[in-house]
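Here the structure is laid out as structure tokens; the discussion comes afterwards.
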Amino acid sequence: MKVTIIGAGAVGATAADNIARKQIASEVVILDIKEGFAEGKAMDLAQTASIEGFDTKLVGVTNDYERTAKSDVIVVTSGLPRKPGMTREELIGINAGIVKTVVTNALAVSPKAVIIIVSNPMDTMTYLTYKIAAEMGISKKKVIGMGGALDSSRFRYRLGEALNVAQSDLHGMVIGGHGDTTMIPLTRMATWNGIPVSRFLTADKLKDVSDKTMVGGATLTGLLGTSAWYAPGAAIGQIVESILRDEKKIIPSCVYLNGEYGQKDICIGVPVVIGRNGWEKIINLRLSNSEKEAFEKSAEAVRAMNAAL
């Protein structure tokens with residue numbers, strides 16, 4: 001199995017590290033536009049192989065899409081990262097041009113690949129990718145936006161913090177747009193080893209968990225001076241693993257809706273089953289009236305960004 005990661009920055013390199021260490025793929029190609037940058041990242045990662053005990057081949061290339069040919073999965077992380085005070089939406093002008101170029105070039109040589117979009121604003125960049133893929137005759141199920149996997153991990157982190165329990169014992173997901181005001185942490189459905197967390201946390205505490213989850217990315221950007229990379233890299237690895245190992249995991253992801261959840265012609269986060277051919281089916285959650293209302297507002301915000309695109 002071959003995975004291409006476009007963008008050798010912190011997120012792309014961390015994703016490559018996760019995939020290589022777990023030996024999910026036999027080969028990982030890292031591509032970047034900056035001369036020598038991807039080659040250096042790949043060489044540095046490859047020099048950990050004998051220490052970490054993996055045999056994944058790591059290759060770095062400068063803007064050479066032919067070296068990415070016949071990839072099974074393509075991950076797009078390239079684009080301008082967020083700076084302190086910058087919203088994901090403010091990135092649209094620059095990143096749309098970058099994403100259009102790299103997606104077109106990558107799919108031209110790997111038309112059977114599943115493509116994962118990480119670049120922000122992620123929902124809109126996924127919608128742009130869906131449009132490009134559709135023009136190339138590629139199934140909508142091959143286009144996945146990585147937002148829900150990351151947001152859900154941040155949700156479980158905040159739940160673990162509030163409950164003072166192991167995150168591995170917690171289950172919870174975030175749907176909706178991948179934005180500070182559009183994501184929807186489903187506190188009502190969150191559980192601690194099968195028990196609703198609402199048994200242990202007050203409504204006010206759950207709201208606090210939800211609020212902190214929603215600004216999780218902005219919080220880290222403020223602390224780091226740039227976008228986070230460890231959790232995004234791990235979230236990418238989770239999706240890639242479910243694809244290549246055909247795990248059929250339910251992972252909240254940004255996908256194209258055509259009537260599901262009352263929405264059409266939009267890419268937005270919902271729970272989906274992810275396997276070898278991309279996302280295989282959408283799980284229809286029984287949302288409460290307030291959750292439905294929040295999802296509709298989230299979709300409206302995403303549509304406004306798509307209109308700008």
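Letters A, B, ... mark the chains of the structure tokens in the order given; residue numbers begin at 1 per chain; ligand numbers begin at 1, in order shown.
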Surrounding residues of Ala96 (chain A) excluding itself and chain neighbours under 6 positions, 10 Å, only C-alpha atoms, as a list in words
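Once the adjacent positions are removed, what remains is Gly79, Ser119, Asn120, Pro121, Thr124, Met125, Leu128, Thr129 and Leu309 of chain A.
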For the residues in the current selection, export C-alpha atoms as a PDB file, in the first residue's frame.
```
ATOM      1  CA  GLY A  79      -1.602  25.469   2.551  1.00  0.00           C
ATOM      2  CA  SER A 119      -6.127  22.056   4.569  1.00  0.00           C
ATOM      3  CA  ASN A 120      -8.299  24.786   6.078  1.00  0.00           C
ATOM      4  CA  PRO A 121     -11.027  25.916   5.853  1.00  0.00           C
ATOM      5  CA  THR A 124     -14.870  24.209   1.964  1.00  0.00           C
ATOM      6  CA  MET A 125     -11.609  22.683   0.742  1.00  0.00           C
ATOM      7  CA  LEU A 128     -13.757  22.038  -3.708  1.00  0.00           C
ATOM      8  CA  THR A 129     -12.040  18.637  -3.887  1.00  0.00           C
ATOM      9  CA  LEU A 309     -15.300  29.943  -2.801  1.00  0.00           C
TER      10      LEU A 309
END
```
Nearby residues (only C-alpha atoms) at most 8 Å from Lys212 (chain A), same-chain spacing under 4 positions excluded, as an MDAnalysis selection string:
chainID A and resid 158 208 216
Using only C-alpha atoms, can you tell me which of A:Gly36, A:Gly278, A:Gly194, A:Pro232 comes closest to Asn18 (chain A)?
A:Pro232
Find the residues around Gln47 (chain A) up to 12 Å (only C-alpha atoms counted), leave out those fewer than 2 positions away in its own chain, and share them as an MDAnalysis selection string.
chainID A and resid 17 20:21 40:45 49:59
Would you put the residues from that selection into a file with all heavy atoms, as a compact mmCIF listing (two decimals), in the first residue's frame?
```
# COMPACT_ATOMS: atom_id res chain seq x y z
N ASP A 17 4.99 10.13 10.09
CA ASP A 17 5.61 9.43 11.22
C ASP A 17 4.66 8.40 11.81
O ASP A 17 5.04 7.25 12.06
CB ASP A 17 6.01 10.46 12.28
CG ASP A 17 6.85 9.87 13.40
OD1 ASP A 17 7.60 8.91 13.13
OD2 ASP A 17 6.76 10.36 14.53
N ALA A 20 4.20 5.49 9.27
CA ALA A 20 5.40 4.66 9.15
C ALA A 20 5.60 3.78 10.38
O ALA A 20 5.88 2.59 10.26
CB ALA A 20 6.62 5.56 8.94
N ARG A 21 5.46 4.37 11.56
CA ARG A 21 5.69 3.62 12.80
C ARG A 21 4.73 2.44 12.94
O ARG A 21 5.10 1.38 13.45
CB ARG A 21 5.54 4.53 14.01
CG ARG A 21 6.70 5.48 14.25
CD ARG A 21 6.36 6.43 15.37
NE ARG A 21 7.34 7.51 15.48
CZ ARG A 21 8.17 7.64 16.51
NH1 ARG A 21 8.17 6.75 17.49
NH2 ARG A 21 9.00 8.66 16.57
N GLY A 40 14.38 16.12 3.08
CA GLY A 40 14.97 16.17 4.41
C GLY A 40 14.09 15.55 5.48
O GLY A 40 14.57 14.80 6.34
N LYS A 41 12.79 15.85 5.42
CA LYS A 41 11.85 15.27 6.38
C LYS A 41 11.82 13.75 6.24
O LYS A 41 11.83 13.01 7.24
CB LYS A 41 10.45 15.85 6.18
CG LYS A 41 10.28 17.30 6.64
CD LYS A 41 10.33 17.42 8.15
CE LYS A 41 10.07 18.85 8.61
NZ LYS A 41 8.66 19.22 8.64
N ALA A 42 11.76 13.27 5.00
CA ALA A 42 11.69 11.82 4.77
C ALA A 42 12.97 11.13 5.27
O ALA A 42 12.91 10.06 5.89
CB ALA A 42 11.48 11.53 3.29
N MET A 43 14.13 11.75 5.01
CA MET A 43 15.39 11.16 5.45
C MET A 43 15.46 11.12 6.98
O MET A 43 15.89 10.11 7.58
CB MET A 43 16.56 11.97 4.90
CG MET A 43 17.92 11.35 5.20
SD MET A 43 19.30 12.36 4.58
CE MET A 43 18.99 12.28 2.80
N ASP A 44 15.05 12.19 7.63
CA ASP A 44 15.07 12.25 9.09
C ASP A 44 14.17 11.17 9.68
O ASP A 44 14.56 10.45 10.61
CB ASP A 44 14.61 13.65 9.54
CG ASP A 44 14.82 13.90 11.02
OD1 ASP A 44 15.61 13.16 11.65
OD2 ASP A 44 14.20 14.83 11.55
N LEU A 45 12.96 11.04 9.13
CA LEU A 45 12.03 10.00 9.61
C LEU A 45 12.58 8.60 9.34
O LEU A 45 12.47 7.71 10.19
CB LEU A 45 10.67 10.17 8.93
CG LEU A 45 9.83 11.37 9.37
CD1 LEU A 45 8.59 11.50 8.48
CD2 LEU A 45 9.39 11.22 10.83
N ALA A 49 13.90 4.37 11.68
CA ALA A 49 13.36 3.03 11.41
C ALA A 49 14.03 1.94 12.24
O ALA A 49 13.36 1.07 12.82
CB ALA A 49 13.47 2.71 9.92
N SER A 50 15.36 1.95 12.30
CA SER A 50 16.06 0.89 13.04
C SER A 50 15.84 1.02 14.55
O SER A 50 15.91 0.04 15.28
CB SER A 50 17.56 0.93 12.72
OG SER A 50 18.13 2.17 13.12
N ILE A 51 15.56 2.24 15.00
CA ILE A 51 15.29 2.47 16.43
C ILE A 51 13.87 2.05 16.78
O ILE A 51 13.63 1.36 17.78
CB ILE A 51 15.50 3.96 16.79
CG1 ILE A 51 16.94 4.39 16.50
CG2 ILE A 51 15.14 4.22 18.25
CD1 ILE A 51 17.16 5.89 16.58
N GLU A 52 12.93 2.45 15.92
CA GLU A 52 11.51 2.19 16.18
C GLU A 52 11.06 0.82 15.68
O GLU A 52 9.99 0.34 16.04
CB GLU A 52 10.65 3.28 15.54
CG GLU A 52 10.89 4.67 16.10
CD GLU A 52 10.48 4.81 17.55
OE1 GLU A 52 9.66 3.99 18.02
OE2 GLU A 52 10.99 5.72 18.23
N GLY A 53 11.85 0.20 14.82
CA GLY A 53 11.53 -1.15 14.36
C GLY A 53 10.45 -1.21 13.30
O GLY A 53 9.55 -2.04 13.37
N PHE A 54 10.53 -0.33 12.30
CA PHE A 54 9.58 -0.41 11.19
C PHE A 54 10.34 -0.47 9.87
O PHE A 54 11.52 -0.09 9.80
CB PHE A 54 8.58 0.76 11.20
CG PHE A 54 9.18 2.12 10.97
CD1 PHE A 54 9.46 2.58 9.68
CD2 PHE A 54 9.45 2.98 12.03
CE1 PHE A 54 9.99 3.83 9.45
CE2 PHE A 54 9.99 4.25 11.81
CZ PHE A 54 10.26 4.67 10.53
N ASP A 55 9.66 -0.94 8.83
CA ASP A 55 10.29 -1.11 7.52
C ASP A 55 9.62 -0.30 6.42
O ASP A 55 9.90 -0.51 5.24
CB ASP A 55 10.28 -2.60 7.13
CG ASP A 55 11.06 -3.45 8.12
OD1 ASP A 55 12.21 -3.10 8.41
OD2 ASP A 55 10.50 -4.44 8.61
N THR A 56 8.73 0.59 6.79
CA THR A 56 8.06 1.43 5.79
C THR A 56 9.08 2.27 5.03
O THR A 56 9.94 2.91 5.63
CB THR A 56 7.05 2.36 6.49
OG1 THR A 56 6.18 1.60 7.31
CG2 THR A 56 6.24 3.15 5.46
N LYS A 57 8.96 2.27 3.71
CA LYS A 57 9.84 3.07 2.87
C LYS A 57 9.35 4.52 2.88
O LYS A 57 8.17 4.79 2.65
CB LYS A 57 9.84 2.53 1.44
CG LYS A 57 10.76 3.29 0.49
CD LYS A 57 10.70 2.69 -0.91
CE LYS A 57 11.59 3.44 -1.89
NZ LYS A 57 11.49 2.88 -3.26
N LEU A 58 10.25 5.45 3.15
CA LEU A 58 9.92 6.87 3.18
C LEU A 58 10.67 7.60 2.07
O LEU A 58 11.89 7.48 1.95
CB LEU A 58 10.27 7.47 4.54
CG LEU A 58 9.33 7.05 5.67
CD1 LEU A 58 10.06 6.96 6.99
CD2 LEU A 58 8.16 8.03 5.77
N VAL A 59 9.93 8.33 1.24
CA VAL A 59 10.50 9.03 0.10
C VAL A 59 10.06 10.49 0.13
O VAL A 59 8.88 10.78 0.35
CB VAL A 59 10.02 8.39 -1.24
CG1 VAL A 59 10.58 9.16 -2.43
CG2 VAL A 59 10.40 6.92 -1.29
```
Tell me, as a list in words, which residues lie within 8 Å of Ala299 (chain A), counting only C-alpha atoms; anything in the same chain fewer than 2 positions away does not count.
Gly176, Gly177, Thr182, Gln263, Ile266, Ile268, Phe295, Glu296, Lys297, Ala301, Val302 and Arg303 of chain A
Would you mind exporting C-alpha atoms of the selected residues as a JSON list (two decimals), in the first residue's frame?
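Done, and the output landed in result21.json:
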```json
[["chain", "number", "residue", "atom", "x", "y", "z"],
["A", 176, "GLY", "CA", -20.90, 19.69, 11.91],
["A", 177, "GLY", "CA", -18.39, 22.09, 10.43],
["A", 182, "THR", "CA", -19.70, 25.43, 13.66],
["A", 263, "GLN", "CA", -28.74, 18.71, 3.62],
["A", 266, "ILE", "CA", -22.53, 20.30, 0.92],
["A", 268, "ILE", "CA", -19.83, 18.64, 6.36],
["A", 295, "PHE", "CA", -26.51, 21.24, 12.66],
["A", 296, "GLU", "CA", -28.65, 23.42, 10.38],
["A", 297, "LYS", "CA", -26.88, 26.56, 11.62],
["A", 301, "ALA", "CA", -22.18, 28.81, 7.93],
["A", 302, "VAL", "CA", -20.40, 26.26, 5.74],
["A", 303, "ARG", "CA", -22.61, 27.19, 2.77]]
```
Identify, on the basis of only C-alpha atoms, every residue whose closest approach to Thr126 (chain A) does not exceed 6 Å; exclude the query and any residue fewer than 3 positions from it along the same chain; express the result as a list in words.
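Result of the neighbour search: Ile117, Met122, Asp123, Thr129 and Gly145 of chain A.
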Go ahead and write the residues just picked, N, CA and C atoms, as a JSON list (two decimals), in the first residue's frame.
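Just written: again.json:
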```
[["chain", "number", "residue", "atom", "x", "y", "z"],
["A", 117, "ILE", "N", -8.58, 15.42, 2.90],
["A", 117, "ILE", "CA", -8.29, 16.85, 2.91],
["A", 117, "ILE", "C", -8.13, 17.33, 4.36],
["A", 122, "MET", "N", -11.37, 23.54, 6.16],
["A", 122, "MET", "CA", -11.44, 22.15, 5.72],
["A", 122, "MET", "C", -12.74, 21.78, 5.01],
["A", 123, "ASP", "N", -13.89, 22.21, 5.53],
["A", 123, "ASP", "CA", -15.16, 21.84, 4.91],
["A", 123, "ASP", "C", -15.25, 22.36, 3.48],
["A", 129, "THR", "N", -12.62, 19.90, -3.44],
["A", 129, "THR", "CA", -12.04, 18.64, -3.89],
["A", 129, "THR", "C", -13.10, 17.72, -4.45],
["A", 145, "GLY", "N", -12.94, 14.66, 4.31],
["A", 145, "GLY", "CA", -12.33, 15.78, 5.02],
["A", 145, "GLY", "C", -12.01, 15.37, 6.45]]
```
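Residues lying within 10 Å of region 199-204 of chain A, counting only C-alpha atoms and ignoring same-chain neighbours fewer than 3 positions away, are A:Leu159, A:Ala162, A:Leu163, A:Thr187, A:Arg188, A:Thr191, A:Trp192, A:Ile195, A:Pro196, A:Lys207, A:Asp208, A:Val209, A:Ser210.
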Residues within 10 Å of Ile138 (chain A), please, as number ranges by chain. Count only C-alpha atoms; anything in the same chain fewer than 6 positions from it doesn't count.
A: 107, 111-114, 130-132
Keeping N, CA, C and O atoms for every residue in the selection just given, could you write it to a file as a PDB file, in the first residue's frame?
```
ATOM      1  N   LEU A 107      -4.507  13.522  -8.328  1.00  0.00           N
ATOM      2  CA  LEU A 107      -5.505  12.580  -8.835  1.00  0.00           C
ATOM      3  C   LEU A 107      -5.244  12.199 -10.290  1.00  0.00           C
ATOM      4  O   LEU A 107      -5.651  11.123 -10.735  1.00  0.00           O
ATOM      5  N   PRO A 111      -5.735   8.043  -9.939  1.00  0.00           N
ATOM      6  CA  PRO A 111      -7.190   8.216 -10.041  1.00  0.00           C
ATOM      7  C   PRO A 111      -8.005   7.270  -9.163  1.00  0.00           C
ATOM      8  O   PRO A 111      -9.195   7.504  -8.963  1.00  0.00           O
ATOM      9  N   LYS A 112      -7.379   6.219  -8.632  1.00  0.00           N
ATOM     10  CA  LYS A 112      -8.106   5.273  -7.778  1.00  0.00           C
ATOM     11  C   LYS A 112      -7.910   5.561  -6.291  1.00  0.00           C
ATOM     12  O   LYS A 112      -8.430   4.837  -5.445  1.00  0.00           O
ATOM     13  N   ALA A 113      -7.182   6.601  -5.979  1.00  0.00           N
ATOM     14  CA  ALA A 113      -6.848   6.896  -4.582  1.00  0.00           C
ATOM     15  C   ALA A 113      -8.035   7.458  -3.813  1.00  0.00           C
ATOM     16  O   ALA A 113      -8.903   8.127  -4.368  1.00  0.00           O
ATOM     17  N   VAL A 114      -8.047   7.197  -2.503  1.00  0.00           N
ATOM     18  CA  VAL A 114      -8.921   7.906  -1.576  1.00  0.00           C
ATOM     19  C   VAL A 114      -8.159   9.160  -1.178  1.00  0.00           C
ATOM     20  O   VAL A 114      -6.962   9.097  -0.869  1.00  0.00           O
ATOM     21  N   TYR A 130     -14.265  17.689  -3.809  1.00  0.00           N
ATOM     22  CA  TYR A 130     -15.381  16.890  -4.339  1.00  0.00           C
ATOM     23  C   TYR A 130     -15.722  17.324  -5.762  1.00  0.00           C
ATOM     24  O   TYR A 130     -15.933  16.486  -6.649  1.00  0.00           O
ATOM     25  N   LYS A 131     -15.780  18.630  -5.997  1.00  0.00           N
ATOM     26  CA  LYS A 131     -16.106  19.152  -7.330  1.00  0.00           C
ATOM     27  C   LYS A 131     -15.050  18.740  -8.363  1.00  0.00           C
ATOM     28  O   LYS A 131     -15.386  18.334  -9.480  1.00  0.00           O
ATOM     29  N   ILE A 132     -13.775  18.837  -7.982  1.00  0.00           N
ATOM     30  CA  ILE A 132     -12.693  18.450  -8.884  1.00  0.00           C
ATOM     31  C   ILE A 132     -12.775  16.954  -9.183  1.00  0.00           C
ATOM     32  O   ILE A 132     -12.660  16.522 -10.341  1.00  0.00           O
TER      33      ILE A 132
END
```
Check the DSSP output for the backbone and give back, as a PyMOL selection string, the residues of region 9-145 of chain A in strand (DSSP E or B).
chain A and resi 27-32+57-62+73-76+114-117+143-145
Take the selection from the previous step and output its residues with C-alpha atoms, as an mmCIF file, in the first residue's frame.
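Below you can see again_14.cif, which holds the result:
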```
data_model
loop_
_atom_site.group_PDB
_atom_site.id
_atom_site.type_symbol
_atom_site.label_atom_id
_atom_site.label_comp_id
_atom_site.auth_asym_id
_atom_site.auth_seq_id
_atom_site.Cartn_x
_atom_site.Cartn_y
_atom_site.Cartn_z
ATOM 1 C CA GLU A 27 5.621 3.233 1.180
ATOM 2 C CA VAL A 28 4.990 6.835 2.194
ATOM 3 C CA VAL A 29 5.833 9.611 -0.258
ATOM 4 C CA ILE A 30 6.080 13.148 1.118
ATOM 5 C CA LEU A 31 5.791 15.945 -1.448
ATOM 6 C CA ASP A 32 6.435 19.634 -0.947
ATOM 7 C CA LYS A 57 9.840 3.071 2.871
ATOM 8 C CA LEU A 58 9.920 6.871 3.178
ATOM 9 C CA VAL A 59 10.500 9.033 0.096
ATOM 10 C CA GLY A 60 10.663 12.807 -0.152
ATOM 11 C CA VAL A 61 10.174 14.704 -3.437
ATOM 12 C CA THR A 62 10.036 18.319 -4.553
ATOM 13 C CA VAL A 73 -4.368 7.250 -0.282
ATOM 14 C CA ILE A 74 -3.478 10.914 -0.831
ATOM 15 C CA VAL A 75 -3.401 13.276 2.138
ATOM 16 C CA VAL A 76 -3.482 17.014 1.423
ATOM 17 C CA VAL A 114 -8.921 7.906 -1.576
ATOM 18 C CA ILE A 115 -8.120 11.562 -0.904
ATOM 19 C CA ILE A 116 -8.103 13.071 2.590
ATOM 20 C CA ILE A 117 -8.290 16.849 2.915
ATOM 21 C CA VAL A 143 -13.238 12.277 -0.833
ATOM 22 C CA ILE A 144 -12.932 12.667 2.938
ATOM 23 C CA GLY A 145 -12.331 15.780 5.022
#
```
